[in-house]
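Enquirer: File name work_12.cif; file contents mmCIF, C-alpha atoms and all ligand atoms; full text below.
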data_query
loop_
_atom_site.group_PDB
_atom_site.id
_atom_site.type_symbol
_atom_site.label_atom_id
_atom_site.label_comp_id
_atom_site.auth_asym_id
_atom_site.auth_seq_id
_atom_site.Cartn_x
_atom_site.Cartn_y
_atom_site.Cartn_z
ATOM 1 C CA MET A 1 15.829 -19.350 -5.009
ATOM 2 C CA ASN A 2 17.278 -16.098 -6.221
ATOM 3 C CA HIS A 3 15.554 -13.568 -3.968
ATOM 4 C CA LEU A 4 15.381 -10.115 -5.525
ATOM 5 C CA GLY A 5 13.081 -8.215 -3.152
ATOM 6 C CA THR A 6 10.351 -5.823 -4.254
ATOM 7 C CA VAL A 7 11.603 -4.693 -7.664
ATOM 8 C CA PRO A 8 9.302 -2.694 -9.976
ATOM 9 C CA LEU A 9 7.044 -4.692 -12.309
ATOM 10 C CA GLU A 10 4.952 -3.541 -15.290
ATOM 11 C CA THR A 11 1.819 -5.003 -16.845
ATOM 12 C CA ARG A 12 -0.274 -3.738 -19.745
ATOM 13 C CA ARG A 13 -2.373 -1.491 -17.484
ATOM 14 C CA LEU A 14 -0.555 -1.462 -14.148
ATOM 15 C CA THR A 15 2.679 -0.518 -12.458
ATOM 16 C CA LEU A 16 3.740 -2.439 -9.362
ATOM 17 C CA ARG A 17 6.098 -0.441 -7.151
ATOM 18 C CA ARG A 18 7.325 -0.169 -3.578
ATOM 19 C CA LEU A 19 4.996 1.555 -1.141
ATOM 20 C CA THR A 20 6.308 4.600 0.677
ATOM 21 C CA PHE A 21 5.402 6.393 3.877
ATOM 22 C CA ASP A 22 3.854 9.134 1.706
ATOM 23 C CA ASP A 23 1.204 6.651 0.505
ATOM 24 C CA CYS A 24 -0.407 6.460 3.954
ATOM 25 C CA ARG A 25 -3.456 8.659 3.352
ATOM 26 C CA THR A 26 -4.165 7.137 -0.061
ATOM 27 C CA MET A 27 -3.747 3.585 1.224
ATOM 28 C CA PHE A 28 -6.061 4.330 4.139
ATOM 29 C CA ASP A 29 -8.694 6.044 1.960
ATOM 30 C CA HIS A 30 -8.568 3.512 -0.882
ATOM 31 C CA TRP A 31 -8.530 0.210 0.960
ATOM 32 C CA ALA A 32 -6.925 -0.105 4.425
ATOM 33 C CA GLY A 33 -9.741 1.790 6.148
ATOM 34 C CA ASP A 34 -12.552 -0.086 4.390
ATOM 35 C CA PRO A 35 -14.029 -3.033 6.357
ATOM 36 C CA GLN A 36 -15.441 -4.536 3.166
ATOM 37 C CA VAL A 37 -11.926 -4.823 1.727
ATOM 38 C CA THR A 38 -10.237 -6.107 4.878
ATOM 39 C CA ARG A 39 -13.008 -8.583 5.729
ATOM 40 C CA TYR A 40 -11.067 -11.606 4.493
ATOM 41 C CA LEU A 41 -7.543 -10.284 5.099
ATOM 42 C CA ARG A 42 -5.414 -11.369 8.048
ATOM 43 C CA TRP A 43 -5.131 -7.842 9.410
ATOM 44 C CA ASN A 44 -7.977 -5.728 10.761
ATOM 45 C CA THR A 45 -9.304 -2.527 9.212
ATOM 46 C CA HIS A 46 -7.084 0.433 10.068
ATOM 47 C CA ARG A 47 -8.813 2.713 12.582
ATOM 48 C CA ASP A 48 -7.391 5.883 11.006
ATOM 49 C CA TRP A 49 -4.562 6.912 8.698
ATOM 50 C CA THR A 50 -1.988 6.993 11.520
ATOM 51 C CA VAL A 51 -2.255 3.174 11.742
ATOM 52 C CA THR A 52 -1.517 3.030 8.009
ATOM 53 C CA ALA A 53 1.408 5.413 8.555
ATOM 54 C CA GLU A 54 2.872 3.133 11.239
ATOM 55 C CA TYR A 55 2.436 0.129 8.960
ATOM 56 C CA LEU A 56 4.170 1.855 6.042
ATOM 57 C CA TYR A 57 6.983 3.038 8.285
ATOM 58 C CA GLU A 58 7.728 -0.649 9.012
ATOM 59 C CA VAL A 59 7.239 -1.680 5.385
ATOM 60 C CA GLU A 60 9.803 0.882 4.178
ATOM 61 C CA LYS A 61 12.390 -0.674 6.502
ATOM 62 C CA CYS A 62 11.549 -4.192 5.301
ATOM 63 C CA TYR A 63 12.364 -3.343 1.672
ATOM 64 C CA ALA A 64 16.054 -3.730 2.537
ATOM 65 C CA ASP A 65 15.332 -7.457 2.955
ATOM 66 C CA PRO A 66 15.602 -9.308 -0.392
ATOM 67 C CA THR A 67 12.975 -11.829 0.788
ATOM 68 C CA PHE A 68 10.368 -9.093 1.356
ATOM 69 C CA TYR A 69 7.795 -8.753 -1.429
ATOM 70 C CA ASN A 70 5.104 -6.100 -1.097
ATOM 71 C CA TRP A 71 4.046 -3.963 -4.055
ATOM 72 C CA GLY A 72 1.632 -1.084 -4.399
ATOM 73 C CA ILE A 73 -0.568 -1.502 -7.484
ATOM 74 C CA CYS A 74 -0.903 1.687 -9.565
ATOM 75 C CA LEU A 75 -2.891 2.644 -12.646
ATOM 76 C CA GLN A 76 -1.087 4.311 -15.536
ATOM 77 C CA ASP A 77 -2.019 7.759 -14.189
ATOM 78 C CA GLY A 78 -0.210 6.871 -10.945
ATOM 79 C CA THR A 79 -3.329 6.267 -8.803
ATOM 80 C CA LEU A 80 -2.502 3.773 -6.070
ATOM 81 C CA ILE A 81 -5.408 1.290 -6.045
ATOM 82 C CA GLY A 82 -4.209 -1.637 -3.942
ATOM 83 C CA THR A 83 -1.459 -3.952 -2.923
ATOM 84 C CA ILE A 84 -0.032 -7.378 -3.711
ATOM 85 C CA GLY A 85 2.655 -9.330 -1.909
ATOM 86 C CA VAL A 86 4.227 -12.742 -1.455
ATOM 87 C CA VAL A 87 4.921 -13.981 2.068
ATOM 88 C CA ARG A 88 6.395 -17.108 3.579
ATOM 89 C CA ALA A 89 3.447 -19.021 4.980
ATOM 90 C CA GLU A 90 2.980 -20.346 8.482
ATOM 91 C CA ARG A 91 3.946 -24.000 9.102
ATOM 92 C CA ALA A 92 0.291 -24.977 9.514
ATOM 93 C CA ALA A 93 -0.056 -24.360 5.776
ATOM 94 C CA ALA A 94 2.289 -27.324 5.209
ATOM 95 C CA GLU A 95 -0.413 -29.766 6.294
ATOM 96 C CA GLY A 96 -3.250 -31.332 4.374
ATOM 97 C CA TRP A 97 -1.909 -31.328 0.818
ATOM 98 C CA GLN A 98 -3.593 -33.988 -1.295
ATOM 99 C CA THR A 99 -2.363 -33.707 -4.872
ATOM 100 C CA LEU A 100 0.698 -31.471 -4.415
ATOM 101 C CA PRO A 101 3.707 -33.625 -5.435
ATOM 102 C CA GLU A 102 5.344 -35.068 -2.335
ATOM 103 C CA PRO A 103 8.857 -33.553 -2.796
ATOM 104 C CA LEU A 104 7.293 -30.078 -2.603
ATOM 105 C CA HIS A 105 5.865 -30.823 0.865
ATOM 106 C CA HIS A 106 9.373 -30.322 2.239
ATOM 107 C CA THR A 107 10.111 -26.965 0.608
ATOM 108 C CA GLU A 108 9.353 -23.468 1.855
ATOM 109 C CA ILE A 109 5.755 -22.366 1.356
ATOM 110 C CA TRP A 110 5.369 -18.944 -0.253
ATOM 111 C CA GLU A 111 1.959 -17.431 -0.716
ATOM 112 C CA PRO A 112 0.695 -14.401 -2.679
ATOM 113 C CA GLY A 113 -1.997 -12.122 -1.239
ATOM 114 C CA TYR A 114 -3.698 -8.991 -2.600
ATOM 115 C CA ALA A 115 -6.307 -6.334 -1.945
ATOM 116 C CA LEU A 116 -7.794 -3.583 -4.072
ATOM 117 C CA GLY A 117 -9.910 -0.571 -3.216
ATOM 118 C CA ARG A 118 -13.583 -1.273 -3.932
ATOM 119 C CA THR A 119 -13.783 1.415 -6.615
ATOM 120 C CA TRP A 120 -11.480 -0.707 -8.777
ATOM 121 C CA TRP A 121 -13.035 -4.160 -8.314
ATOM 122 C CA GLY A 122 -14.328 -6.016 -11.339
ATOM 123 C CA HIS A 123 -11.875 -4.686 -13.963
ATOM 124 C CA GLY A 124 -9.497 -7.637 -14.004
ATOM 125 C CA TYR A 125 -6.797 -5.666 -12.158
ATOM 126 C CA ALA A 126 -6.146 -8.267 -9.429
ATOM 127 C CA THR A 127 -5.883 -11.017 -12.046
ATOM 128 C CA GLU A 128 -3.435 -8.914 -14.070
ATOM 129 C CA ALA A 129 -1.305 -8.001 -11.040
ATOM 130 C CA LEU A 130 -1.141 -11.601 -9.828
ATOM 131 C CA LYS A 131 -0.120 -12.774 -13.307
ATOM 132 C CA ALA A 132 2.836 -10.364 -13.262
ATOM 133 C CA VAL A 133 3.892 -11.493 -9.796
ATOM 134 C CA LEU A 134 3.700 -15.166 -10.825
ATOM 135 C CA GLU A 135 5.852 -14.546 -13.876
ATOM 136 C CA PHE A 136 8.374 -12.661 -11.745
ATOM 137 C CA TRP A 137 8.371 -15.413 -9.112
ATOM 138 C CA PHE A 138 8.775 -18.331 -11.474
ATOM 139 C CA THR A 139 11.172 -16.823 -14.038
ATOM 140 C CA ARG A 140 13.317 -14.459 -11.947
ATOM 141 C CA VAL A 141 13.149 -15.686 -8.350
ATOM 142 C CA GLY A 142 12.964 -19.317 -9.456
ATOM 143 C CA GLY A 143 10.638 -20.488 -6.703
ATOM 144 C CA PRO A 144 9.525 -24.111 -7.250
ATOM 145 C CA TRP A 145 5.848 -23.514 -6.456
ATOM 146 C CA LEU A 146 3.355 -21.170 -4.808
ATOM 147 C CA SER A 147 0.500 -21.855 -2.462
ATOM 148 C CA ILE A 148 -2.567 -19.626 -2.214
ATOM 149 C CA CYS A 149 -5.873 -19.696 -0.375
ATOM 150 C CA HIS A 150 -9.085 -17.736 -0.271
ATOM 151 C CA ALA A 151 -11.920 -17.607 2.230
ATOM 152 C CA VAL A 152 -14.780 -19.902 1.224
ATOM 153 C CA GLU A 153 -17.034 -16.854 1.438
ATOM 154 C CA ASN A 154 -14.820 -14.832 -0.917
ATOM 155 C CA PRO A 155 -15.413 -16.351 -4.371
ATOM 156 C CA ALA A 156 -14.074 -13.258 -6.205
ATOM 157 C CA SER A 157 -10.609 -14.077 -4.901
ATOM 158 C CA GLY A 158 -11.216 -17.704 -5.894
ATOM 159 C CA ARG A 159 -11.805 -16.570 -9.477
ATOM 160 C CA VAL A 160 -8.577 -14.527 -9.480
ATOM 161 C CA ILE A 161 -6.750 -17.654 -8.330
ATOM 162 C CA GLN A 162 -8.406 -19.959 -10.855
ATOM 163 C CA LYS A 163 -7.903 -17.521 -13.741
ATOM 164 C CA ASN A 164 -4.180 -17.613 -12.939
ATOM 165 C CA GLY A 165 -4.012 -21.383 -13.311
ATOM 166 C CA PHE A 166 -3.779 -22.500 -9.679
ATOM 167 C CA LEU A 167 -5.045 -26.018 -8.942
ATOM 168 C CA TYR A 168 -7.507 -26.598 -6.111
ATOM 169 C CA ASP A 169 -6.100 -29.008 -3.532
ATOM 170 C CA HIS A 170 -8.078 -29.053 -0.269
ATOM 171 C CA ASP A 171 -10.193 -27.123 2.198
ATOM 172 C CA ALA A 172 -8.394 -25.694 5.219
ATOM 173 C CA VAL A 173 -8.633 -22.998 7.888
ATOM 174 C CA TYR A 174 -6.433 -19.923 8.143
ATOM 175 C CA HIS A 175 -6.199 -17.574 11.085
ATOM 176 C CA LYS A 176 -6.414 -13.834 11.079
ATOM 177 C CA TYR A 177 -3.725 -12.072 13.140
ATOM 178 C CA ASP A 178 -6.322 -11.638 15.917
ATOM 179 C CA GLY A 179 -6.822 -15.429 15.963
ATOM 180 C CA THR A 180 -10.205 -15.592 14.172
ATOM 181 C CA PRO A 181 -10.402 -18.849 12.171
ATOM 182 C CA VAL A 182 -11.542 -18.537 8.550
ATOM 183 C CA PRO A 183 -12.534 -21.594 6.442
ATOM 184 C CA CYS A 184 -10.653 -21.422 3.158
ATOM 185 C CA ARG A 185 -9.761 -23.261 -0.051
ATOM 186 C CA ALA A 186 -6.090 -24.032 -0.679
ATOM 187 C CA TYR A 187 -4.544 -24.145 -4.158
ATOM 188 C CA TYR A 188 -1.067 -24.507 -5.612
ATOM 189 C CA LYS A 189 0.802 -23.692 -8.795
ATOM 190 C CA ILE A 190 4.047 -25.387 -9.787
ATOM 191 C CA ASN A 191 6.845 -23.599 -11.641
ATOM 192 C CA ALA A 192 6.399 -24.986 -15.166
ATOM 193 C CA ILE A 193 9.767 -23.594 -16.284
ATOM 194 C CA LYS A 194 11.632 -25.566 -13.603
ATOM 195 C CA GLU A 195 9.722 -28.699 -14.572
ATOM 196 C CA MET A 196 10.961 -28.633 -18.169
HETATM 197 C C1 LIG A 201 -10.577 -10.262 -4.445
HETATM 198 C C2 LIG A 201 -10.224 -8.981 -5.212
HETATM 199 C C3 LIG A 201 -8.739 -8.699 -5.080
HETATM 200 C C4 LIG A 201 -10.598 -9.172 -6.676
HETATM 201 O O1 LIG A 201 -10.107 -8.063 -7.412
HETATM 202 P P1 LIG A 201 -10.662 -7.703 -8.873
HETATM 203 O O2 LIG A 201 -9.676 -6.802 -9.531
HETATM 204 O O3 LIG A 201 -12.066 -7.272 -8.761
HETATM 205 O O4 LIG A 201 -10.605 -9.147 -9.556
HETATM 206 P P2 LIG A 201 -10.769 -9.453 -11.102
HETATM 207 O O5 LIG A 201 -11.607 -8.390 -11.722
HETATM 208 O O6 LIG A 201 -9.411 -9.681 -11.658
HETATM 209 O O7 LIG A 201 -11.533 -10.842 -11.072
HETATM 210 C C5 LIG A 201 -12.656 -11.004 -10.215
HETATM 211 C C6 LIG A 201 -13.451 -12.212 -10.666
HETATM 212 O O8 LIG A 201 -14.324 -12.599 -9.619
HETATM 213 C C7 LIG A 201 -15.651 -12.650 -10.106
HETATM 214 N N1 LIG A 201 -16.538 -12.322 -8.993
HETATM 215 C C8 LIG A 201 -16.720 -11.144 -8.393
HETATM 216 N N2 LIG A 201 -17.610 -11.282 -7.387
HETATM 217 C C9 LIG A 201 -17.964 -12.584 -7.357
HETATM 218 C C10 LIG A 201 -18.852 -13.356 -6.559
HETATM 219 N N3 LIG A 201 -19.532 -12.790 -5.551
HETATM 220 N N4 LIG A 201 -18.997 -14.668 -6.825
HETATM 221 C C11 LIG A 201 -18.303 -15.244 -7.830
HETATM 222 N N5 LIG A 201 -17.418 -14.568 -8.630
HETATM 223 C C12 LIG A 201 -17.280 -13.249 -8.395
HETATM 224 C C13 LIG A 201 -15.673 -11.647 -11.221
HETATM 225 O O9 LIG A 201 -16.765 -11.875 -12.101
HETATM 226 C C14 LIG A 201 -14.309 -11.944 -11.881
HETATM 227 O O10 LIG A 201 -14.337 -13.162 -12.588
HETATM 228 P P3 LIG A 201 -14.545 -13.222 -14.195
HETATM 229 O O11 LIG A 201 -13.406 -12.442 -14.782
HETATM 230 O O12 LIG A 201 -14.488 -14.678 -14.494
HETATM 231 O O13 LIG A 201 -15.869 -12.580 -14.490
HETATM 232 C C15 LIG A 201 -11.004 -7.764 -4.652
HETATM 233 O O14 LIG A 201 -12.375 -8.076 -4.642
HETATM 234 C C16 LIG A 201 -10.563 -7.368 -3.263
HETATM 235 O O15 LIG A 201 -9.639 -6.603 -3.093
HETATM 236 N N6 LIG A 201 -11.253 -7.922 -2.241
HETATM 237 C C17 LIG A 201 -10.922 -7.605 -0.861
HETATM 238 C C18 LIG A 201 -9.557 -8.160 -0.453
HETATM 239 C C19 LIG A 201 -9.482 -9.669 -0.646
HETATM 240 O O16 LIG A 201 -10.455 -10.359 -0.455
HETATM 241 N N7 LIG A 201 -8.290 -10.141 -1.011
HETATM 242 C C20 LIG A 201 -8.057 -11.536 -1.243
HETATM 243 C C21 LIG A 201 -7.767 -12.261 0.015
HETATM 244 S S1 LIG A 201 -7.580 -14.021 -0.294
#
Please lay out the structure from this file as structure tokens.

Expert:
Amino acid sequence: MNHLGTVPLETRRLTLRRLTFDDCRTMFDHWAGDPQVTRYLRWNTHRDWTVTAEYLYEVEKCYADPTFYNWGICLQDGTLIGTIGVVRAERAAAEGWQTLPEPLHHTEIWEPGYALGRTWWGHGYATEALKAVLEFWFTRVGGPWLSICHAVENPASGRVIQKNGFLYDHDAVYHKYDGTPVPCRAYYKINAIKEM
């Protein structure tokens, strides 16, 4: 893979850019402080904006790493509405694949994740942002495939995944950072360009 780190991406309606420390109040107000947004995320709702500030302080340092992918999602007027990233998944995610071609079982597992402020749900923004990240991943980074999962109780994320052409593979359980188990559906998408 040709890791490029978090480089800017554009879609028809969105700009994907690096987050900065200065985004802390907006990130907290728009999504990180909202329990309805963080309900199915691995991390817990931020208690106040200083938690978001600490998080972004670490994120800014991580951008030096070319394997670190974490974009802020912005509207054309610059409003920061959410986030999307790709992370290397835990080893447990390597188990249970049913229809994923066998050679891919032995490769690294990379997984996109996203969250938007509630105000901006239902406009197709998550679908559009994920599409841009997939194109970047498959054409520029050259990753062979991506895994993704959503909580069984979070069908909106399931739709975002399905609309981006992921194939359902099996039911599984992921763990929040505090250890809470969450039943989920696991999907995969293979790099069609590499297949040709
Ligand atoms: C999941 C999330 C990112 C979706 O963002 P979004 O911009 O609203 O998504 P889109 O508008 O692109 O697509 C949402 C789809 O889900 C559908 N949907 C919404 N609520 C639904 C529900 N309760 N049941 C079934 N489908 C639902 C919408 O109708 C739409 O599908 P359609 O285009 O076929 O009509 C957003 O709800 C969010 O940030 N949730 C909290 C964080 C989160 O759960 N992240 C994912 C972790 S796996």

Enquirer: Measuring between only C-alpha atoms and all ligand atoms, which one of A:Trp145, A:Tyr177, A:Tyr63, A:Tyr114 shows the shortest distance to ligand LIG 201 (chain A)?

Expert: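 Among the listed residues, A:Tyr114 lies closest to ligand LIG 201 (chain A).
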
Enquirer: Residues at most 9 Å from ligand LIG 201 (chain A), using all atoms listed in the file? Could they come as a PyMOL selection string?

Expert: chain A and resi 31+36-42+82-84+112-118+120-130+148-151+153-163+184

Enquirer: Provide the atom CA of Glu54 of chain A to atom CA of Trp71 of chain A distance in Å, to one decimal place.

Expert: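 Separation between atom CA of Glu54 of chain A and atom CA of Trp71 of chain A: 16.9 Å.
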
Enquirer: At what distance in Å, to one decimal, does atom CA of Lys176 of chain A lie from atom CA of Pro8 of chain A?

Expert: 28.5 Å

Enquirer: I would like the residues chosen by the PyMOL selection byres (((chain A and resi 27) around 9) and not hetatm) on the shown file; could you give them as a ChimeraX atom specification?

Expert: /A:23-26,28-33,49,52,80-83,117

Enquirer: For His170 of chain A, which of A:Ala132, A:Leu9, A:Ile109, A:Leu100 is the closest residue, counting only C-alpha atoms?

Expert: A:Leu100

Enquirer: If you measure from atom CA of Ala89 of chain A to atom CA of Glu102 of chain A, what distance in Å do you get, rounded to one decimal?

Expert: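 Here the two named atoms are 17.7 Å from each other.
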
Enquirer: Using the file's own x, y and z axes, so that the box edges lie along x, y and z, what centre and edge lengths in Å (one decimal) does a box around every listed atom of segment 161-177 of chain A get when 5 Å is added on each side? Give it as JSON.

Expert:
{"center_x": -7.0, "center_y": -20.6, "center_z": -0.3, "size_x": 16.5, "size_y": 27.0, "size_z": 36.9}

Enquirer: Please identify all polymer residues lying at most 10 Å from the point (-5.3, -28.1, -3.6) (file coordinates), using all atoms listed in the file, and present the result as a count of residues only.

Expert: 20

Enquirer: Around (11.4, -1.6, -2.7), as given in the file, which residues come within 6 Å? Count all atoms listed in the file and list them as a PDB file with C-alpha atoms, in the coordinates of the input.

Expert:
ATOM      1  CA  THR A   6      10.351  -5.823  -4.254  1.00  0.00           C
ATOM      2  CA  VAL A   7      11.603  -4.693  -7.664  1.00  0.00           C
ATOM      3  CA  ARG A  18       7.325  -0.169  -3.578  1.00  0.00           C
ATOM      4  CA  TYR A  63      12.364  -3.343   1.672  1.00  0.00           C
TER       5      TYR A  63
END

Enquirer: Which residue gives the smallest distance to Val51 of chain A among A:Phe21, A:Pro66, A:His175, A:Gln76, with only C-alpha atoms counted?

Expert: A:Phe21

Enquirer: Which is closest to Cys62 of chain A among A:Pro144, A:Gly179, A:Gly165, A:Thr20, if we use only C-alpha atoms?

Expert: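 Looking at the shortest contact to Cys62 of chain A, the residue is A:Thr20.
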